[in-house]
Amino acid sequence: MQKDGREIRITCEVEDTLTLGRMTEFQGELKVRSSEDYDRIMHSIYKYGIAFPFFVWKKGRLNYILDGHGRTGALKRERERGVTVPALPVIYVQAENEEAAKNLLLRLNSRYGEITIDGINDFLSGVDIDLAEINIPELPDLAEQLDALLEDANDGGHNNPEFLLFCPECGEQYHVTDEQLREAIEYGD
């Protein structure tokens with residue numbers, strides 16, 4: 001436990017761990033992160049722990065990080081602030097050489113599909129997740145789509161259109177205005 005009461009917990013199970021000092025960054029400047037990005041990563045780590053292992057390519061004595069650079073940067077900053085960083089969960093990924101390892105790293109960062117407004121509504125049905133804590137590139141576009149839907153409803157001659165929402169737990173129906181809907185999902189400035 002840290003002096004401020006926060007601790008970095010490991011919340012996944014793996015067969016092996018490595019200390020931060022035994023892992024070597026591999027992606028270079030592939031991604032750029034701001035101080036705010038690292039703060040958001042640490043907020044997530046303090047809230048949920050290290051819930052996913054680091055993917056590591058072992059080459060000789062070096063343990064190259066394929067996935068986990070953001071967490072590594074955030075954890076190094078915390079360590080500089082005096083926070084104790086435990087040994088971190090790792091899974092070893094096999095690659096014949098550096099080219100193969102870089103190929104795998106790019107595949108880790110690839111996305112073969114996109115999140116849609118219908119998909120995220122269905123996925124989040126019945127749960128309370130603060131999307132402001134999550135950085136999914138499509139979310140701003142989804143907010144714009146929702147805004148367009150609400151504007152279309154307003155243009156249709158309704159001053160304050162209503163939407164029918166169903167409670168996923170009890171099945172009860174609720175009539176809400178676009179204003180109430182916006183407030184409920186914390187949409188806006």
# chains A, B, ... in the order shown; residues from 1 in each chain; ligands from 1
>>> residues_around(residues="His69 in chain A", least_positions_apart="6", cutoff="10 Å", atoms="only C-alpha atoms", output="ChimeraX atom specification")
/A:24-28,31,33,54-55,75
>>> atom_distance(atom1="CA of Gly113 in chain A", atom2="CA of Ile134 in chain A")
17.8 Å
>>> atom_distance(atom1="CA of Pro137 in chain A", atom2="CA of Glu98 in chain A")
28.8 Å
>>> closest_residue(among="A:Thr17, A:Asn97, A:Ser35, A:Ser110", to="Ala74 in chain A", atoms="only C-alpha atoms")
A:Ser35
>>> atom_distance(atom1="CA of Leu88 in chain A", atom2="CA of Leu105 in chain A")
19.0 Å
>>> residues_around(residues="Ala101 in chain A", least_positions_apart="6", cutoff="9 Å", atoms="only C-alpha atoms", output="number ranges by chain")
A: 57, 66, 93-95
>>> closest_residue(among="A:Asp128, A:Glu133, A:Glu80, A:Asp67", to="Arg107 in chain A", atoms="only C-alpha atoms")
A:Asp67
>>> closest_residue(among="A:Tyr64, A:Phe123, A:Tyr112, A:Tyr48", to="Val90 in chain A", atoms="only C-alpha atoms")
A:Tyr64
>>> closest_residue(among="A:Ile117, A:Leu62, A:Val127, A:Val85", to="Arg22 in chain A", atoms="only C-alpha atoms")
A:Leu62
>>> select_by_dssp(residues="range 32-126 of chain A", states="alpha helix (DSSP H)", output="ChimeraX atom specification")
/A:35-48,69-80,98-109,117-124
>>> write_last_selection(atoms="C-alpha atoms", output="mmCIF file, in the first residue's frame")
data_model
loop_
_atom_site.group_PDB
_atom_site.id
_atom_site.type_symbol
_atom_site.label_atom_id
_atom_site.label_comp_id
_atom_site.auth_asym_id
_atom_site.auth_seq_id
_atom_site.Cartn_x
_atom_site.Cartn_y
_atom_site.Cartn_z
ATOM 1 C CA SER A 35 0.548 13.734 -19.924
ATOM 2 C CA GLU A 36 -3.259 13.556 -19.861
ATOM 3 C CA ASP A 37 -3.121 10.150 -21.613
ATOM 4 C CA TYR A 38 -0.785 8.816 -18.913
ATOM 5 C CA ASP A 39 -3.033 10.252 -16.192
ATOM 6 C CA ARG A 40 -6.040 8.473 -17.718
ATOM 7 C CA ILE A 41 -4.081 5.212 -17.910
ATOM 8 C CA MET A 42 -3.121 5.494 -14.234
ATOM 9 C CA HIS A 43 -6.698 6.358 -13.277
ATOM 10 C CA SER A 44 -7.763 3.106 -14.944
ATOM 11 C CA ILE A 45 -4.954 1.120 -13.297
ATOM 12 C CA TYR A 46 -5.803 2.430 -9.834
ATOM 13 C CA LYS A 47 -9.490 1.717 -10.404
ATOM 14 C CA TYR A 48 -9.268 -1.727 -12.090
ATOM 15 C CA HIS A 69 3.816 0.743 -23.827
ATOM 16 C CA GLY A 70 1.196 3.169 -22.505
ATOM 17 C CA ARG A 71 0.957 1.350 -19.200
ATOM 18 C CA THR A 72 4.755 1.143 -19.040
ATOM 19 C CA GLY A 73 5.121 4.911 -19.521
ATOM 20 C CA ALA A 74 2.423 5.648 -16.955
ATOM 21 C CA LEU A 75 3.937 3.221 -14.429
ATOM 22 C CA LYS A 76 7.421 4.713 -14.891
ATOM 23 C CA ARG A 77 5.998 8.146 -14.087
ATOM 24 C CA GLU A 78 4.358 6.763 -10.949
ATOM 25 C CA ARG A 79 7.595 5.052 -9.916
ATOM 26 C CA GLU A 80 9.404 8.416 -10.236
ATOM 27 C CA GLU A 98 12.568 -8.141 -35.343
ATOM 28 C CA GLU A 99 10.567 -7.871 -38.573
ATOM 29 C CA ALA A 100 8.140 -10.546 -37.389
ATOM 30 C CA ALA A 101 7.868 -8.872 -33.967
ATOM 31 C CA LYS A 102 7.105 -5.481 -35.569
ATOM 32 C CA ASN A 103 4.515 -7.156 -37.787
ATOM 33 C CA LEU A 104 2.840 -8.603 -34.685
ATOM 34 C CA LEU A 105 2.954 -5.253 -32.881
ATOM 35 C CA LEU A 106 1.147 -3.590 -35.794
ATOM 36 C CA ARG A 107 -1.445 -6.371 -35.783
ATOM 37 C CA LEU A 108 -2.021 -5.771 -32.058
ATOM 38 C CA ASN A 109 -2.869 -2.174 -32.924
ATOM 39 C CA ILE A 117 -24.143 3.517 -32.384
ATOM 40 C CA ASP A 118 -26.493 0.497 -32.474
ATOM 41 C CA GLY A 119 -23.675 -1.823 -31.455
ATOM 42 C CA ILE A 120 -22.558 0.253 -28.483
ATOM 43 C CA ASN A 121 -26.155 0.800 -27.322
ATOM 44 C CA ASP A 122 -26.752 -2.958 -27.430
ATOM 45 C CA PHE A 123 -23.429 -3.748 -25.728
ATOM 46 C CA LEU A 124 -23.930 -1.222 -22.924
#
